[in-house]
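Visitor: The structure follows.
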Amino acid sequence: MITLTRATLTGDELDSLVEICLSQPEYWRSSGDQDPASMSRATLEPTLREDAEADGCETLVGRDGTGRVLGFVQMLLRHPTDGHPWIGLLLVDGRQGRQGYGKAIVTGVEDRFRAEGATAIRLGVLVANAEATPFWEALGYRQIDLRPDRAKGRPTRVMEKLL
Ligand SMILES: CC(C)(COP(=O)(O)OP(=O)(O)OC[C@H]1O[C@@H](n2cnc3c(N)ncnc32)[C@H](O)[C@@H]1OP(=O)(O)O)[C@@H](O)C(=O)NCCC(=O)NCCS
């Protein structure tokens, strides 16, 4: 059972989010958003804060029954063009992979948006992130477009799941 709560980005929770980022060097290498060789709390904290505090965005933290942080998900609540909620980044603790935690966090996000009346969820997966596409496909997401991302022009699959 996973619970999702809004990120506070303070104390132990922030420590856990930084550790989780550090546990996924391959993700940062493939995205180019951080240099795995030099990334640290000092480089990660401002990015986490910026993404959580941006207008219309929200970061949720996933915890197990003991309160241990397993991962987090960054979301855009309503895309300005298509009106759908978008998942920006889902990151699961690399030491706890393939135990269903990513799926459980996404299911919680889907339940929340479905309850709020959303009809679909979308997200962008960098083509360079080869491992993420089969994950999203296993959860029922389908590619609806292939285009450069707005941030850096990286080839990106736009995926969608109808709720
Ligand atoms: C992608 C990620 C979120 C998956 O989280 P996870 O907790 O390991 O995934 P789950 O255990 O919930 O996997 C659910 C199903 O997805 C599929 N799946 C997950 N990872 C996969 C992989 N590397 N290759 C193929 N299929 C995969 C499987 O069908 C899996 O079910 P199974 O283990 O019973 O076969 C995690 O690896 C991660 O944080 N990666 C780095 C960041 C990232 O790429 N995020 C997504 C881009 S936004």
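We name chains A, B, ... following the order of the structure tokens; residues begin at 1 in each chain, and ligands are numbered from 1 as shown.
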Write out as a PDB file with N, CA and C atoms, in the first residue's frame each polymer residue whose atoms come within 12 Å of stretch 33-45 of chain A, counting only C-alpha atoms; drop sequence neighbours fewer than 3 positions from it.
Guide:
```pdb
ATOM      1  N   LEU A   9       9.435  19.155   0.802  1.00  0.00           N
ATOM      2  CA  LEU A   9      10.833  19.481   0.495  1.00  0.00           C
ATOM      3  C   LEU A   9      11.566  20.030   1.703  1.00  0.00           C
ATOM      4  N   THR A  10      11.323  19.405   2.855  1.00  0.00           N
ATOM      5  CA  THR A  10      12.016  19.793   4.081  1.00  0.00           C
ATOM      6  C   THR A  10      12.543  18.522   4.764  1.00  0.00           C
ATOM      7  N   GLY A  11      13.496  18.724   5.684  1.00  0.00           N
ATOM      8  CA  GLY A  11      13.961  17.683   6.613  1.00  0.00           C
ATOM      9  C   GLY A  11      14.273  16.345   5.968  1.00  0.00           C
ATOM     10  N   GLU A  13      12.383  14.239   4.526  1.00  0.00           N
ATOM     11  CA  GLU A  13      11.773  13.988   3.217  1.00  0.00           C
ATOM     12  C   GLU A  13      12.701  14.479   2.101  1.00  0.00           C
ATOM     13  N   LEU A  14      13.244  15.669   2.272  1.00  0.00           N
ATOM     14  CA  LEU A  14      14.151  16.202   1.255  1.00  0.00           C
ATOM     15  C   LEU A  14      15.395  15.319   1.130  1.00  0.00           C
ATOM     16  N   ASP A  15      15.908  14.867   2.271  1.00  0.00           N
ATOM     17  CA  ASP A  15      17.072  13.951   2.244  1.00  0.00           C
ATOM     18  C   ASP A  15      16.747  12.717   1.394  1.00  0.00           C
ATOM     19  N   SER A  16      15.535  12.170   1.598  1.00  0.00           N
ATOM     20  CA  SER A  16      15.143  10.957   0.866  1.00  0.00           C
ATOM     21  C   SER A  16      15.017  11.239  -0.621  1.00  0.00           C
ATOM     22  N   LEU A  17      14.447  12.380  -0.987  1.00  0.00           N
ATOM     23  CA  LEU A  17      14.283  12.684  -2.419  1.00  0.00           C
ATOM     24  C   LEU A  17      15.643  12.840  -3.093  1.00  0.00           C
ATOM     25  N   VAL A  18      16.581  13.472  -2.394  1.00  0.00           N
ATOM     26  CA  VAL A  18      17.933  13.630  -2.953  1.00  0.00           C
ATOM     27  C   VAL A  18      18.576  12.249  -3.125  1.00  0.00           C
ATOM     28  N   GLU A  19      18.434  11.387  -2.116  1.00  0.00           N
ATOM     29  CA  GLU A  19      18.998  10.025  -2.210  1.00  0.00           C
ATOM     30  C   GLU A  19      18.401   9.266  -3.389  1.00  0.00           C
ATOM     31  N   ILE A  20      17.096   9.434  -3.593  1.00  0.00           N
ATOM     32  CA  ILE A  20      16.432   8.728  -4.696  1.00  0.00           C
ATOM     33  C   ILE A  20      16.962   9.239  -6.034  1.00  0.00           C
ATOM     34  N   CYS A  21      17.154  10.533  -6.137  1.00  0.00           N
ATOM     35  CA  CYS A  21      17.749  11.078  -7.379  1.00  0.00           C
ATOM     36  C   CYS A  21      19.140  10.475  -7.591  1.00  0.00           C
ATOM     37  N   LEU A  22      19.925  10.404  -6.530  1.00  0.00           N
ATOM     38  CA  LEU A  22      21.290   9.879  -6.649  1.00  0.00           C
ATOM     39  C   LEU A  22      21.296   8.392  -7.001  1.00  0.00           C
ATOM     40  N   SER A  23      20.190   7.698  -6.699  1.00  0.00           N
ATOM     41  CA  SER A  23      20.126   6.248  -6.949  1.00  0.00           C
ATOM     42  C   SER A  23      19.793   5.919  -8.410  1.00  0.00           C
ATOM     43  N   GLN A  24      19.556   6.950  -9.235  1.00  0.00           N
ATOM     44  CA  GLN A  24      19.177   6.705 -10.639  1.00  0.00           C
ATOM     45  C   GLN A  24      20.118   7.447 -11.591  1.00  0.00           C
ATOM     46  N   PRO A  25      21.457   7.187 -11.500  1.00  0.00           N
ATOM     47  CA  PRO A  25      22.398   7.943 -12.342  1.00  0.00           C
ATOM     48  C   PRO A  25      22.122   7.797 -13.837  1.00  0.00           C
ATOM     49  N   GLU A  26      21.645   6.606 -14.249  1.00  0.00           N
ATOM     50  CA  GLU A  26      21.435   6.371 -15.680  1.00  0.00           C
ATOM     51  C   GLU A  26      20.345   7.286 -16.237  1.00  0.00           C
ATOM     52  N   TYR A  27      19.330   7.562 -15.416  1.00  0.00           N
ATOM     53  CA  TYR A  27      18.283   8.475 -15.873  1.00  0.00           C
ATOM     54  C   TYR A  27      18.872   9.862 -16.155  1.00  0.00           C
ATOM     55  N   TRP A  28      19.701  10.336 -15.230  1.00  0.00           N
ATOM     56  CA  TRP A  28      20.260  11.687 -15.396  1.00  0.00           C
ATOM     57  C   TRP A  28      21.239  11.728 -16.562  1.00  0.00           C
ATOM     58  N   ARG A  29      21.988  10.621 -16.730  1.00  0.00           N
ATOM     59  CA  ARG A  29      22.939  10.559 -17.849  1.00  0.00           C
ATOM     60  C   ARG A  29      22.167  10.650 -19.167  1.00  0.00           C
ATOM     61  N   SER A  30      21.089   9.862 -19.291  1.00  0.00           N
ATOM     62  CA  SER A  30      20.371   9.821 -20.572  1.00  0.00           C
ATOM     63  C   SER A  30      19.612  11.120 -20.840  1.00  0.00           C
ATOM     64  N   LEU A  48      14.547  20.329  -7.691  1.00  0.00           N
ATOM     65  CA  LEU A  48      13.357  19.735  -7.068  1.00  0.00           C
ATOM     66  C   LEU A  48      12.398  20.835  -6.621  1.00  0.00           C
ATOM     67  N   ARG A  49      12.958  21.885  -6.053  1.00  0.00           N
ATOM     68  CA  ARG A  49      12.146  22.982  -5.525  1.00  0.00           C
ATOM     69  C   ARG A  49      11.457  23.740  -6.675  1.00  0.00           C
ATOM     70  N   GLU A  50      12.235  23.997  -7.718  1.00  0.00           N
ATOM     71  CA  GLU A  50      11.686  24.726  -8.865  1.00  0.00           C
ATOM     72  C   GLU A  50      10.509  23.958  -9.480  1.00  0.00           C
ATOM     73  N   ASP A  51      10.682  22.639  -9.639  1.00  0.00           N
ATOM     74  CA  ASP A  51       9.620  21.839 -10.264  1.00  0.00           C
ATOM     75  C   ASP A  51       8.393  21.741  -9.357  1.00  0.00           C
ATOM     76  N   ALA A  52       8.620  21.686  -8.043  1.00  0.00           N
ATOM     77  CA  ALA A  52       7.481  21.547  -7.117  1.00  0.00           C
ATOM     78  C   ALA A  52       6.716  22.855  -6.968  1.00  0.00           C
ATOM     79  N   LEU A  89       7.812  13.963 -14.272  1.00  0.00           N
ATOM     80  CA  LEU A  89       8.864  12.989 -13.960  1.00  0.00           C
ATOM     81  C   LEU A  89       8.374  12.071 -12.860  1.00  0.00           C
ATOM     82  N   LEU A 126      11.626  10.675 -22.938  1.00  0.00           N
ATOM     83  CA  LEU A 126      12.753  10.905 -23.839  1.00  0.00           C
ATOM     84  C   LEU A 126      13.072   9.603 -24.573  1.00  0.00           C
ATOM     85  N   ALA A 151      11.747  21.910 -23.447  1.00  0.00           N
ATOM     86  CA  ALA A 151      12.868  22.409 -22.649  1.00  0.00           C
ATOM     87  C   ALA A 151      14.167  22.443 -23.447  1.00  0.00           C
ATOM     88  N   LYS A 152      14.464  21.329 -24.135  1.00  0.00           N
ATOM     89  CA  LYS A 152      15.793  21.226 -24.747  1.00  0.00           C
ATOM     90  C   LYS A 152      15.785  20.653 -26.160  1.00  0.00           C
ATOM     91  N   ARG A 154      14.885  17.696 -27.119  1.00  0.00           N
ATOM     92  CA  ARG A 154      15.280  16.290 -27.184  1.00  0.00           C
ATOM     93  C   ARG A 154      14.144  15.449 -27.777  1.00  0.00           C
TER      94      ARG A 154
END
```
Visitor: Looking only at strand (DSSP E or B) from DSSP on the backbone, list the matching residues of stretch 6-160 of chain A as a ChimeraX atom specification.
Guide: /A:6,57-63,69-76,86-92,120-126,142-148,155-160
Visitor: Let me see if you get this right: every residue at most 10 Å from ligand 1, counting only C-alpha atoms and all ligand atoms, written as a compact mmCIF listing (two decimals) with N, CA and C atoms, in the first residue's frame.
Guide:
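Final file, selection_18.txt:
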```
# COMPACT_ATOMS: atom_id res chain seq x y z
N ILE A 20 17.10 9.43 -3.59
CA ILE A 20 16.43 8.73 -4.70
C ILE A 20 16.96 9.24 -6.03
N CYS A 21 17.15 10.53 -6.14
CA CYS A 21 17.75 11.08 -7.38
C CYS A 21 19.14 10.48 -7.59
N SER A 23 20.19 7.70 -6.70
CA SER A 23 20.13 6.25 -6.95
C SER A 23 19.79 5.92 -8.41
N GLN A 24 19.56 6.95 -9.23
CA GLN A 24 19.18 6.71 -10.64
C GLN A 24 20.12 7.45 -11.59
N PRO A 25 21.46 7.19 -11.50
CA PRO A 25 22.40 7.94 -12.34
C PRO A 25 22.12 7.80 -13.84
N GLU A 26 21.64 6.61 -14.25
CA GLU A 26 21.43 6.37 -15.68
C GLU A 26 20.34 7.29 -16.24
N TYR A 27 19.33 7.56 -15.42
CA TYR A 27 18.28 8.48 -15.87
C TYR A 27 18.87 9.86 -16.15
N TRP A 28 19.70 10.34 -15.23
CA TRP A 28 20.26 11.69 -15.40
C TRP A 28 21.24 11.73 -16.56
N SER A 30 21.09 9.86 -19.29
CA SER A 30 20.37 9.82 -20.57
C SER A 30 19.61 11.12 -20.84
N SER A 31 19.16 11.80 -19.79
CA SER A 31 18.41 13.05 -20.01
C SER A 31 19.34 14.24 -20.19
N LEU A 70 9.57 5.96 -1.22
CA LEU A 70 9.93 5.02 -2.29
C LEU A 70 10.14 5.71 -3.63
N GLY A 71 9.56 6.90 -3.77
CA GLY A 71 9.68 7.60 -5.03
C GLY A 71 8.87 8.88 -5.00
N PHE A 72 8.93 9.60 -6.12
CA PHE A 72 8.13 10.81 -6.20
C PHE A 72 7.70 11.03 -7.65
N VAL A 73 6.67 11.87 -7.79
CA VAL A 73 6.16 12.16 -9.13
C VAL A 73 5.87 13.66 -9.23
N GLN A 74 6.36 14.23 -10.32
CA GLN A 74 6.12 15.66 -10.58
C GLN A 74 5.03 15.76 -11.64
N ILE A 87 2.19 14.04 -16.44
CA ILE A 87 3.23 13.61 -15.51
C ILE A 87 4.56 14.12 -16.07
N GLY A 88 5.29 14.88 -15.24
CA GLY A 88 6.56 15.44 -15.70
C GLY A 88 7.70 14.46 -15.49
N LEU A 89 7.81 13.96 -14.27
CA LEU A 89 8.86 12.99 -13.96
C LEU A 89 8.37 12.07 -12.86
N LEU A 90 8.60 10.78 -13.06
CA LEU A 90 8.38 9.79 -12.01
C LEU A 90 9.73 9.17 -11.71
N LEU A 91 10.12 9.19 -10.47
CA LEU A 91 11.42 8.61 -10.11
C LEU A 91 11.23 7.69 -8.90
N VAL A 92 11.57 6.42 -9.10
CA VAL A 92 11.48 5.42 -8.02
C VAL A 92 12.89 5.12 -7.52
N ASP A 93 13.03 4.88 -6.25
CA ASP A 93 14.32 4.55 -5.65
C ASP A 93 14.97 3.41 -6.45
N GLY A 94 16.15 3.66 -7.00
CA GLY A 94 16.82 2.67 -7.84
C GLY A 94 17.19 1.41 -7.07
N ARG A 95 17.23 1.49 -5.74
CA ARG A 95 17.55 0.31 -4.92
C ARG A 95 16.32 -0.54 -4.68
N GLN A 96 15.16 -0.03 -5.13
CA GLN A 96 13.88 -0.72 -4.89
C GLN A 96 13.12 -0.93 -6.19
N GLY A 97 13.88 -1.11 -7.29
CA GLY A 97 13.23 -1.22 -8.60
C GLY A 97 12.49 -2.54 -8.78
N ARG A 98 11.57 -2.54 -9.73
CA ARG A 98 10.80 -3.73 -10.17
C ARG A 98 10.09 -4.42 -9.01
N GLN A 99 9.57 -3.63 -8.10
CA GLN A 99 8.76 -4.20 -7.01
C GLN A 99 7.34 -3.66 -7.05
N GLY A 100 7.01 -3.02 -8.17
CA GLY A 100 5.64 -2.52 -8.32
C GLY A 100 5.40 -1.14 -7.75
N TYR A 101 6.47 -0.49 -7.25
CA TYR A 101 6.26 0.82 -6.61
C TYR A 101 5.93 1.90 -7.64
N GLY A 102 6.61 1.86 -8.81
CA GLY A 102 6.30 2.85 -9.85
C GLY A 102 4.85 2.71 -10.28
N LYS A 103 4.42 1.49 -10.51
CA LYS A 103 3.04 1.25 -10.92
C LYS A 103 2.06 1.75 -9.85
N ALA A 104 2.38 1.49 -8.58
CA ALA A 104 1.48 1.89 -7.49
C ALA A 104 1.37 3.42 -7.41
N ILE A 105 2.49 4.11 -7.62
CA ILE A 105 2.44 5.58 -7.57
C ILE A 105 1.59 6.10 -8.74
N VAL A 106 1.80 5.55 -9.92
CA VAL A 106 1.04 6.01 -11.09
C VAL A 106 -0.45 5.71 -10.91
N THR A 107 -0.77 4.55 -10.36
CA THR A 107 -2.18 4.21 -10.12
C THR A 107 -2.82 5.24 -9.18
N LEU A 123 2.14 12.29 -20.90
CA LEU A 123 3.51 12.48 -20.42
C LEU A 123 4.47 12.40 -21.59
N GLY A 124 5.67 12.90 -21.38
CA GLY A 124 6.71 12.81 -22.39
C GLY A 124 7.82 11.89 -21.90
N VAL A 125 8.23 10.96 -22.76
CA VAL A 125 9.35 10.07 -22.42
C VAL A 125 10.46 10.32 -23.42
N LEU A 126 11.63 10.67 -22.94
CA LEU A 126 12.75 10.90 -23.84
C LEU A 126 13.07 9.60 -24.57
N ALA A 128 15.81 8.71 -25.58
CA ALA A 128 17.08 8.20 -25.03
C ALA A 128 16.87 7.36 -23.76
N ASN A 129 15.71 7.48 -23.15
CA ASN A 129 15.43 6.74 -21.91
C ASN A 129 14.72 5.43 -22.28
N ALA A 130 15.53 4.47 -22.77
CA ALA A 130 14.97 3.25 -23.37
C ALA A 130 14.14 2.43 -22.39
N GLU A 131 14.49 2.46 -21.10
CA GLU A 131 13.81 1.59 -20.13
C GLU A 131 12.43 2.10 -19.75
N ALA A 132 12.18 3.39 -19.95
CA ALA A 132 10.92 3.95 -19.46
C ALA A 132 9.74 3.58 -20.36
N THR A 133 9.97 3.48 -21.68
CA THR A 133 8.84 3.23 -22.58
C THR A 133 8.12 1.92 -22.26
N PRO A 134 8.85 0.78 -22.06
CA PRO A 134 8.12 -0.45 -21.72
C PRO A 134 7.37 -0.35 -20.39
N PHE A 135 7.90 0.46 -19.46
CA PHE A 135 7.18 0.65 -18.18
C PHE A 135 5.82 1.29 -18.45
N TRP A 136 5.84 2.42 -19.19
CA TRP A 136 4.57 3.12 -19.43
C TRP A 136 3.63 2.26 -20.26
N GLU A 137 4.18 1.52 -21.24
CA GLU A 137 3.32 0.64 -22.06
C GLU A 137 2.66 -0.42 -21.18
N ALA A 138 3.43 -0.96 -20.22
CA ALA A 138 2.86 -1.99 -19.34
C ALA A 138 1.70 -1.43 -18.51
N LEU A 139 1.73 -0.12 -18.29
CA LEU A 139 0.66 0.52 -17.51
C LEU A 139 -0.49 1.03 -18.39
N GLY A 140 -0.41 0.76 -19.70
CA GLY A 140 -1.53 1.11 -20.58
C GLY A 140 -1.38 2.43 -21.31
```
Visitor: Find the residues around A:Arg142 up to 7 Å (only C-alpha atoms counted), leave out those fewer than 6 positions away in its own chain, and share them as a list in words.
Guide: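 Residues meeting the cut-off are Met159, Glu160 and Lys161 of chain A.
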Visitor: Can you check which residues of chain A DSSP gives as alpha helix (DSSP H) on the backbone and send them as number ranges by chain?
Guide: A: 11-22, 25-31, 41-53, 101-115, 132-138
Visitor: If you count only C-alpha atoms, which residues fall within 10 Å of A:Gly83, apart from same-chain ones fewer than 6 positions away, as a list of chain:residue names?
Guide: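 Residues meeting the cut-off are A:Leu77, A:Ala118, A:Thr119, A:Ala120, A:Ile121.
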Visitor: Quick check, in Å to one decimal: how far apart do atom CA of A:Thr3 and atom CA of A:Asp111 lie?
Guide: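 It comes out at 12.2 Å.
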